[in-house]
2 protein chains.
Amino acid sequence: MPAKRTTRSKRPRPGRIVIDEVTPALDGGAFPIKRVVGEPVVVDATIYADGHDRLWCVVAHQPPGSRSWQLAPMHTTNPGLDRWQGSFTPSGVGLHRYRVLAWIDELASWADAARRKLDDNQEIGSDLLAGAGIVEQRSKVASTEHRVALQDAATRLRGGDSNVVSEVGASLDREPDGASVLGAYRAGFKAAAAATSKPTLDVRVEPDRAVFNTWYELFPRSWSTTDGQHGTFKDVEAQLAYVADLGFDVLYLPPIHPIGTSFRKGPGNRSTGGPDDPGSPWAIGSPEGGHTSIHPRLGTLDDFRRLVEAARDNRLDIALDIAFQCSPDHPWVTEHPAWFEHRPDGTIQHAENPPKKYQDIYPLDFDTGEWESLWEALLDVFLYWARQGVTIFRVDNPHTKPFAFWSWVIGEVQARYPEAIFLSEAFTRPAIMHRLAKVGFTLSYSYFPWRQSKQELTEYFTELAAPPGVEYFRPSCWPNTPDILTTQLWGAPRELFASRYFLAATLSPSIGIYGPAFELCENRDAGNGKEEYADSEKYELRQWDRNDPISIREIIGELNAYRFDQLALHTLRTLLFHHTDNDALLAYSKTPHAGPSVDPSRPHVATVLMVANLDPHRTQGGFVDLDPGALGVDPSRPYQVHDLIADRTFTWEGPHVYVELDPHEQPGHLFRVTQGSER
Amino acid sequence: MPAKRTTRSKRPRPGRIVIDEVTPALDGGAFPIKRVVGEPVVVDATIYADGHDRLWCVVAHQPPGSRSWQLAPMHTTNPGLDRWQGSFTPSGVGLHRYRVLAWIDELASWADAARRKLDDNQEIGSDLLAGAGIVEQRSKVASTEHRVALQDAATRLRGGDSNVVSEVGASLDREPDGASVLGAYRAGFKAAAAATSKPTLDVRVEPDRAVFNTWYELFPRSWSTTDGQHGTFKDVEAQLAYVADLGFDVLYLPPIHPIGTSFRKGPGNRSTGGPDDPGSPWAIGSPEGGHTSIHPRLGTLDDFRRLVEAARDNRLDIALDIAFQCSPDHPWVTEHPAWFEHRPDGTIQHAENPPKKYQDIYPLDFDTGEWESLWEALLDVFLYWARQGVTIFRVDNPHTKPFAFWSWVIGEVQARYPEAIFLSEAFTRPAIMHRLAKVGFTLSYSYFPWRQSKQELTEYFTELAAPPGVEYFRPSCWPNTPDILTTQLWGAPRELFASRYFLAATLSPSIGIYGPAFELCENRDAGNGKEEYADSEKYELRQWDRNDPISIREIIGELNAYRFDQLALHTLRTLLFHHTDNDALLAYSKTPHAGPSVDPSRPHVATVLMVANLDPHRTQGGFVDLDPGALGVDPSRPYQVHDLIADRTFTWEGPHVYVELDPHEQPGHLFRVTQGSER
């Protein structure tokens, strides 16, 4: 023999079963998928072995802290392609684990072959003895509960009773219970699997809140009731009911820290600002403090704590803006010079994206040799505010800091505050936005502001609702932000603001607006060709008349109430678009995710169907082609759609229906779909 | 602080670059992809970092036995999606390795920013100093060759020479050479990568022969020149020229071992066979020996060795059929009873797939406790025949033996005989066929026999030519085998046999026929509704008149010659279907794979275009919509197509051409496509 052989004598006999293409799995299991409590995890896998034996396959899953595995049986969805499916529904928050196990099912294989021989009138005496051997062997290790069934079957087989074949065969065609011979036999499989998928996969299970949330962003300094005066936390506290009554559940504040005076920006982002200008809240830090200090004109730490508590009394959580950058006056600039990049002339490089310059901001140097102390300090910022009662963070420009930093810092915060929510403000290339979602961000700002036509919205949301993205990337849809007034909204009528809110509110579980600019339909752009606001609140105080009759707060409040009530609007996964013959009409539906925590008899657990009018100027009508099956109704009988906004019920029949929408009356239909005896 | 922090003090600063979605990669790198010598490996990856820095990315590749890496630069194919591409062409056989490396390109990032500032007329004195620092630092570790360029650039930058910015900028827009500043700077990257894709991937590079091969299967016992007499190796040897003249390069023999007498099958697979019947060659083993013995009526081992050598003189390699199963008379049955599964009554279970019974065959029990001695014995079978000069194996029913066995045994054989080729005879579900190809089989029988209509052929071959399958699954296309006479061929005219051969020969690099049944257009089925031959040679001797005028050997020989000559027919990867307006006409083209070993000026390196007539009865004509760009011709000028079969040249213009085919003249057009001054 020309070469030495591989030694195999110490190895166990290699397994015969292959478990492949397990889904859902992110990047081969490098990152957890995400779910909310009560939302099922449907696991698919390709499973096969050599030969003709039958397999038994299960999804094994394990809640956090447990060391034992629960088993959920799988069934074949496409035998020709060897695809199997099973599912489980995590019942609590935390990092659950799952994997696929498979066994050669000797008893099923035996019954299958014996049944075919019986059908062919072949002699099966020897087969009955073989079957007896199979169940007898298992009975020796079975629990008391199953041993009786197995011993009984063995006795009958030895006695030549071929009925056992058909009994096991019948179990094969449906899920066997533990009392059947096959069920008792399979119970023995719990000991050890013949094959286990690798690696074990993770699913991060979070409260509904991590997916479903409705944000209102405001600049506290503009909320004084006295014209021209710098607003305070107390001013905001006094007006919390306004935000709460609109149905928002997160109140998000831009940075609340001292603002630098060096290179302070003046109104309109002009570089001529002086100390009397308020400056940009994102130019963080002055001799009065940095990322853990409060701007003196907003109030004290006690004022802030009171605001957090008062908000909570109004079912509102405060979210803070975490922007890891410093004004030249930030204490860190002198205390930790190594955290900044110095140029050959000794100066610190201000932020820039040539030819753009941000002279009032120094970036932090994540490549510094002192990266560990920097990272610790940044973690401390999160932990400081968490101790003040804030666990929702909107993170500014995370894509300009290392992914490894976010993975670490989010993990550290969530280890102490599992409920912590991180919203990624990265309007950048898809690969980077998705990576941030994978490494830990709960939510991500999305391209929604720029998806405006029927085709754009359909394509974008179809992608967002599909795997693999839907397993981890949770878009937050904002029709506006202080940084973004899209060209579509320049000079736009209030009907377009209502339409954009309708779309966001019904397409996406996570949404937000920057107010009161949004509800007051602020449509004046900066006039420089950029998608920026005129008289941007980022650089000056604004006085808003929230009682201006142009306000669309009524429809916002109404939509937020329906969002809260209708479970179907708490998920993106079930989104389905329906064809319309008019490009100004966008039709889509959602069903609540199934799962044991959802009681289908409750009135808010219904399919909802939306038809949005994308034209803010004219009444638009057209035919919608519905898929009644996808709506959960029997297409052969009439069904009812109740428009929650107009409070009108229509009875429809078949898939082809006509709708008409006047933008001056309502931005869209929001139908609850029912059928039969239900009201 | 409520919880203890993760200690990070011993760790290096985590990297900033992500390398993702590297292709080609099989199952995350669990299996090698496959290539032939001279065929490029085009590597794509998603690569990005936080921030705005520019990256430099390369494919690193390593031939077998080497410890150093060669670098091939990558370029962005879609910057918005962060997709990069690079390629290399393995120059020799063996297991090559490859991975993707990426660096933050500080000099490129600097030049990019400085260039934009210059364009905006900003002051860049400090930037020039920063640039000097970047190149100076690199010059300290640069090779002598590059140090000069870097030091010179630093000096000029310190002197305020902003031309360096545009020089580096110009290099950015094309691949920089080592003499440029950027080239000298990047040369320094070879030391260590900032990011490396994981895991390192493998590509198994094989000789052209592993992909391109043309098989002829015959039963030696039918090749006696005397009617009714059992043929011998000597008979085959005497008629090798017949097979060689037809242009085949592999001569494949069904099992040549002693045949058992217990339950010997009679003609027509009847269970009434007696010792005077020849029996099935797959019922291997008798007191005269087993898998390493030769059936006495075929000849001696010396006869066999002479046949192997004589075949080689005719440019033919002998392939043997390896069927791991035993007749009840096989020596192993008594020598190694533990290798077989015994039933409760002590008998050995014959092979069965109820209600079908194979009483003349015992399967080997791969689950036996003595699996190690069994595996070793089976390896010895391969090695025994390899020592007799046979390194091409057609493996019978590999899907009924464990994948782990094949992975091991093929690895062991190829470690000693790297040229060994294994053809998997598994007509089963796709997942299993593909797994066998992944674990080591060189070639795989395919569903070609049952893909007959234009739509079936288009769909199947489009799938076969696409990733991921094309990276490892090499279909061998056989219009017939001793086991398969498809219903399409029952009573079929010779024109259909010619058409099927034309399709196989031009669609697939690996093909084969079972002869002389095929070239003599044997079209009589067994009459039992199964796709089996009447008077099957598997159970009786046949006498064939190879000079029967019905023979299609002329077109077979011609097609085999064109297959050999035209490099484009040696690959599946470039297959492209073209639309025709007639369902009886199938149009498709192939181009030779590019690569340094291919000289495009040689006449056999041309695009070929096929139009097959799927109707064996009638002349069919129609329009073909060609993609001239895909054919490698300038669509604005006329181009020439030379039909190799008819030896006629047509000049075409534009994409829309008319073709007409009479099945009685030729089964299809096989055009060589040229343009310009070439004849």
# chains A, B, ... in the order shown; residues from 1 in each chain; ligands from 1
>>> interface_residues(of="chain B", to="chain A", cutoff="7 Å", atoms="only C-alpha atoms", output="PyMOL selection string")
chain B and resi 2-3+14+16+50-51+80-82+113+116-117+120+126+129-130+343-345+354-355+399-404+416+429-431
>>> write_last_selection(atoms="N, CA, C and O atoms", output="short mmCIF file (atom, residue, chain, number, x, y, z; two decimals), in the first residue's frame")
data_model
loop_
_atom_site.label_atom_id
_atom_site.label_comp_id
_atom_site.auth_asym_id
_atom_site.auth_seq_id
_atom_site.Cartn_x
_atom_site.Cartn_y
_atom_site.Cartn_z
N PRO B 2 -24.07 47.56 38.72
CA PRO B 2 -24.76 46.35 39.19
C PRO B 2 -24.06 45.04 38.81
O PRO B 2 -24.19 44.07 39.52
N ALA B 3 -23.36 44.99 37.71
CA ALA B 3 -22.77 43.70 37.31
C ALA B 3 -21.31 43.90 36.93
O ALA B 3 -20.88 44.98 36.59
N PRO B 14 -10.52 45.50 18.43
CA PRO B 14 -11.25 44.74 17.40
C PRO B 14 -11.17 45.45 16.05
O PRO B 14 -11.12 46.67 15.97
N ARG B 16 -12.23 46.81 12.25
CA ARG B 16 -13.35 47.65 11.83
C ARG B 16 -14.01 47.14 10.56
O ARG B 16 -15.07 47.62 10.18
N ASP B 50 -17.03 50.78 9.17
CA ASP B 50 -17.69 51.99 9.62
C ASP B 50 -17.00 53.20 9.01
O ASP B 50 -15.84 53.11 8.58
N GLY B 51 -17.71 54.33 9.00
CA GLY B 51 -17.10 55.57 8.55
C GLY B 51 -16.96 55.69 7.05
O GLY B 51 -17.63 54.98 6.29
N GLY B 80 -22.77 50.76 -4.08
CA GLY B 80 -23.94 50.96 -3.22
C GLY B 80 -24.25 49.74 -2.38
O GLY B 80 -24.79 49.84 -1.29
N LEU B 81 -23.91 48.57 -2.91
CA LEU B 81 -24.15 47.33 -2.16
C LEU B 81 -22.86 46.79 -1.55
O LEU B 81 -22.84 45.68 -1.03
N ASP B 82 -21.76 47.56 -1.65
CA ASP B 82 -20.48 47.16 -1.06
C ASP B 82 -19.98 45.82 -1.60
O ASP B 82 -19.35 45.05 -0.87
N ALA B 113 -10.10 62.61 0.23
CA ALA B 113 -10.57 63.79 0.96
C ALA B 113 -9.82 65.04 0.49
O ALA B 113 -10.42 66.08 0.26
N ARG B 116 -11.03 66.37 -2.81
CA ARG B 116 -12.29 67.10 -2.75
C ARG B 116 -12.11 68.49 -2.14
O ARG B 116 -12.77 69.45 -2.52
N LYS B 117 -11.17 68.60 -1.17
CA LYS B 117 -10.90 69.92 -0.60
C LYS B 117 -10.26 70.83 -1.64
O LYS B 117 -10.59 72.01 -1.74
N ASP B 120 -12.64 72.23 -3.90
CA ASP B 120 -13.46 73.25 -3.24
C ASP B 120 -12.61 74.46 -2.84
O ASP B 120 -13.08 75.33 -2.12
N SER B 126 -2.22 71.51 6.11
CA SER B 126 -2.17 70.50 7.16
C SER B 126 -2.41 69.11 6.60
O SER B 126 -1.82 68.12 7.06
N LEU B 129 0.80 67.68 5.13
CA LEU B 129 1.67 67.16 6.20
C LEU B 129 1.16 65.80 6.68
O LEU B 129 1.94 64.87 6.91
N ALA B 130 -0.16 65.69 6.81
CA ALA B 130 -0.72 64.40 7.24
C ALA B 130 -0.38 63.32 6.23
O ALA B 130 0.00 62.20 6.59
N ARG B 343 -31.59 -11.71 10.20
CA ARG B 343 -32.95 -11.57 10.70
C ARG B 343 -33.12 -12.44 11.95
O ARG B 343 -32.24 -13.27 12.26
N PRO B 344 -34.23 -12.26 12.67
CA PRO B 344 -34.41 -13.04 13.91
C PRO B 344 -34.30 -14.54 13.67
O PRO B 344 -33.87 -15.28 14.57
N ASP B 345 -34.66 -15.03 12.46
CA ASP B 345 -34.58 -16.48 12.21
C ASP B 345 -33.18 -16.90 11.77
O ASP B 345 -32.98 -18.04 11.35
N PRO B 354 -39.74 -3.06 -0.69
CA PRO B 354 -41.05 -3.70 -0.78
C PRO B 354 -42.02 -2.92 -1.68
O PRO B 354 -42.06 -1.70 -1.58
N PRO B 355 -42.78 -3.58 -2.52
CA PRO B 355 -42.86 -5.05 -2.60
C PRO B 355 -41.76 -5.68 -3.46
O PRO B 355 -41.78 -6.90 -3.62
N HIS B 399 -26.16 6.02 -3.04
CA HIS B 399 -27.09 6.66 -2.10
C HIS B 399 -27.66 5.69 -1.09
O HIS B 399 -28.40 6.10 -0.20
N THR B 400 -27.32 4.39 -1.20
CA THR B 400 -27.77 3.45 -0.17
C THR B 400 -26.63 3.10 0.80
O THR B 400 -26.76 2.17 1.58
N LYS B 401 -25.55 3.86 0.68
CA LYS B 401 -24.43 3.69 1.63
C LYS B 401 -24.15 5.05 2.27
O LYS B 401 -24.42 6.09 1.67
N PRO B 402 -23.56 5.08 3.47
CA PRO B 402 -23.42 6.35 4.20
C PRO B 402 -22.53 7.35 3.47
O PRO B 402 -21.51 7.00 2.87
N PHE B 403 -22.93 8.62 3.52
CA PHE B 403 -22.12 9.69 2.93
C PHE B 403 -20.73 9.72 3.53
O PHE B 403 -19.74 9.98 2.85
N ALA B 404 -20.66 9.46 4.83
CA ALA B 404 -19.35 9.51 5.51
C ALA B 404 -18.41 8.46 4.94
O ALA B 404 -17.20 8.66 4.87
N ARG B 416 -3.89 8.51 -2.92
CA ARG B 416 -2.90 7.66 -3.58
C ARG B 416 -2.95 7.81 -5.09
O ARG B 416 -1.93 7.68 -5.76
N ARG B 429 -33.35 11.59 -5.06
CA ARG B 429 -33.80 12.95 -4.80
C ARG B 429 -32.61 13.92 -4.88
O ARG B 429 -31.48 13.56 -4.57
N PRO B 430 -32.89 15.16 -5.31
CA PRO B 430 -31.78 16.10 -5.57
C PRO B 430 -30.86 16.33 -4.37
O PRO B 430 -29.64 16.43 -4.55
N ALA B 431 -31.40 16.42 -3.17
CA ALA B 431 -30.54 16.71 -2.01
C ALA B 431 -29.48 15.62 -1.85
O ALA B 431 -28.32 15.91 -1.55
#
>>> residues_around(residues="Leu585 (chain A)", least_positions_apart="6", cutoff="10 Å", atoms="only C-alpha atoms", output="list in words")
Ser453, Lys454, His579, Met610, Val611, Ala612, Asn613, Leu614, Asp615, Gln620, Gly621, Gly622, Phe623, Val624, Val659, Glu660, Leu661 and Gly668 of chain A
>>> write_last_selection(atoms="N, CA and C atoms", output="compact mmCIF listing (two decimals), in the first residue's frame")
# COMPACT_ATOMS: atom_id res chain seq x y z
N SER A 453 -43.73 56.51 -4.16
CA SER A 453 -44.69 56.04 -5.16
C SER A 453 -45.19 54.65 -4.77
N LYS A 454 -46.25 54.24 -5.43
CA LYS A 454 -46.80 52.91 -5.18
C LYS A 454 -45.74 51.84 -5.40
N HIS A 579 -53.11 43.85 -5.56
CA HIS A 579 -53.06 44.64 -6.79
C HIS A 579 -54.22 45.64 -6.85
N MET A 610 -55.68 47.72 4.37
CA MET A 610 -55.55 49.15 4.17
C MET A 610 -55.61 49.47 2.67
N VAL A 611 -56.26 50.57 2.35
CA VAL A 611 -56.15 51.12 1.00
C VAL A 611 -55.80 52.59 1.19
N ALA A 612 -54.59 52.98 0.75
CA ALA A 612 -54.13 54.35 0.93
C ALA A 612 -54.27 55.11 -0.38
N ASN A 613 -54.66 56.38 -0.26
CA ASN A 613 -54.69 57.26 -1.43
C ASN A 613 -53.39 58.06 -1.44
N LEU A 614 -52.55 57.83 -2.44
CA LEU A 614 -51.25 58.50 -2.49
C LEU A 614 -51.37 59.90 -3.11
N ASP A 615 -52.54 60.25 -3.58
CA ASP A 615 -52.74 61.56 -4.22
C ASP A 615 -53.39 62.50 -3.21
N GLN A 620 -59.57 59.51 -5.62
CA GLN A 620 -59.11 58.44 -6.50
C GLN A 620 -59.93 57.19 -6.23
N GLY A 621 -60.32 56.52 -7.29
CA GLY A 621 -61.08 55.28 -7.15
C GLY A 621 -60.50 54.21 -8.03
N GLY A 622 -60.79 52.97 -7.72
CA GLY A 622 -60.30 51.90 -8.56
C GLY A 622 -60.65 50.55 -7.98
N PHE A 623 -60.30 49.54 -8.75
CA PHE A 623 -60.57 48.17 -8.32
C PHE A 623 -59.34 47.58 -7.60
N VAL A 624 -59.63 46.86 -6.56
CA VAL A 624 -58.60 46.15 -5.81
C VAL A 624 -58.83 44.65 -6.02
N VAL A 659 -63.06 50.68 -4.63
CA VAL A 659 -62.93 51.62 -3.51
C VAL A 659 -62.71 53.03 -4.09
N GLU A 660 -63.05 54.01 -3.27
CA GLU A 660 -62.88 55.40 -3.69
C GLU A 660 -62.49 56.20 -2.46
N LEU A 661 -61.51 57.09 -2.57
CA LEU A 661 -61.03 57.84 -1.41
C LEU A 661 -60.87 59.32 -1.77
N GLY A 668 -56.92 57.23 3.96
CA GLY A 668 -56.99 55.85 3.50
C GLY A 668 -58.05 55.10 4.26
>>> atom_distance(atom1="CA of Ile33 (chain B)", atom2="CA of Glu471 (chain B)")
5.2 Å
>>> select_by_dssp(residues="region 597-636 of chain A", states="strand (DSSP E or B)", output="NGL selection string")
:A and (607-613 or 620-625)
>>> residues_around(residues="region 194-203 of chain A", least_positions_apart="5", cutoff="6 Å", atoms="only C-alpha atoms", output="PyMOL selection string")
chain A and resi 17+19+29+32-34+95-103
>>> closest_residue(among="A:Leu489, A:Ile104, A:Leu253, A:Ala142", to="Glu532 (chain A)", atoms="only C-alpha atoms")
A:Leu489
>>> closest_residue(among="B:Arg648, B:Lys530, B:Arg315, B:Arg672", to="Thr214 (chain B)", atoms="only C-alpha atoms")
B:Arg315
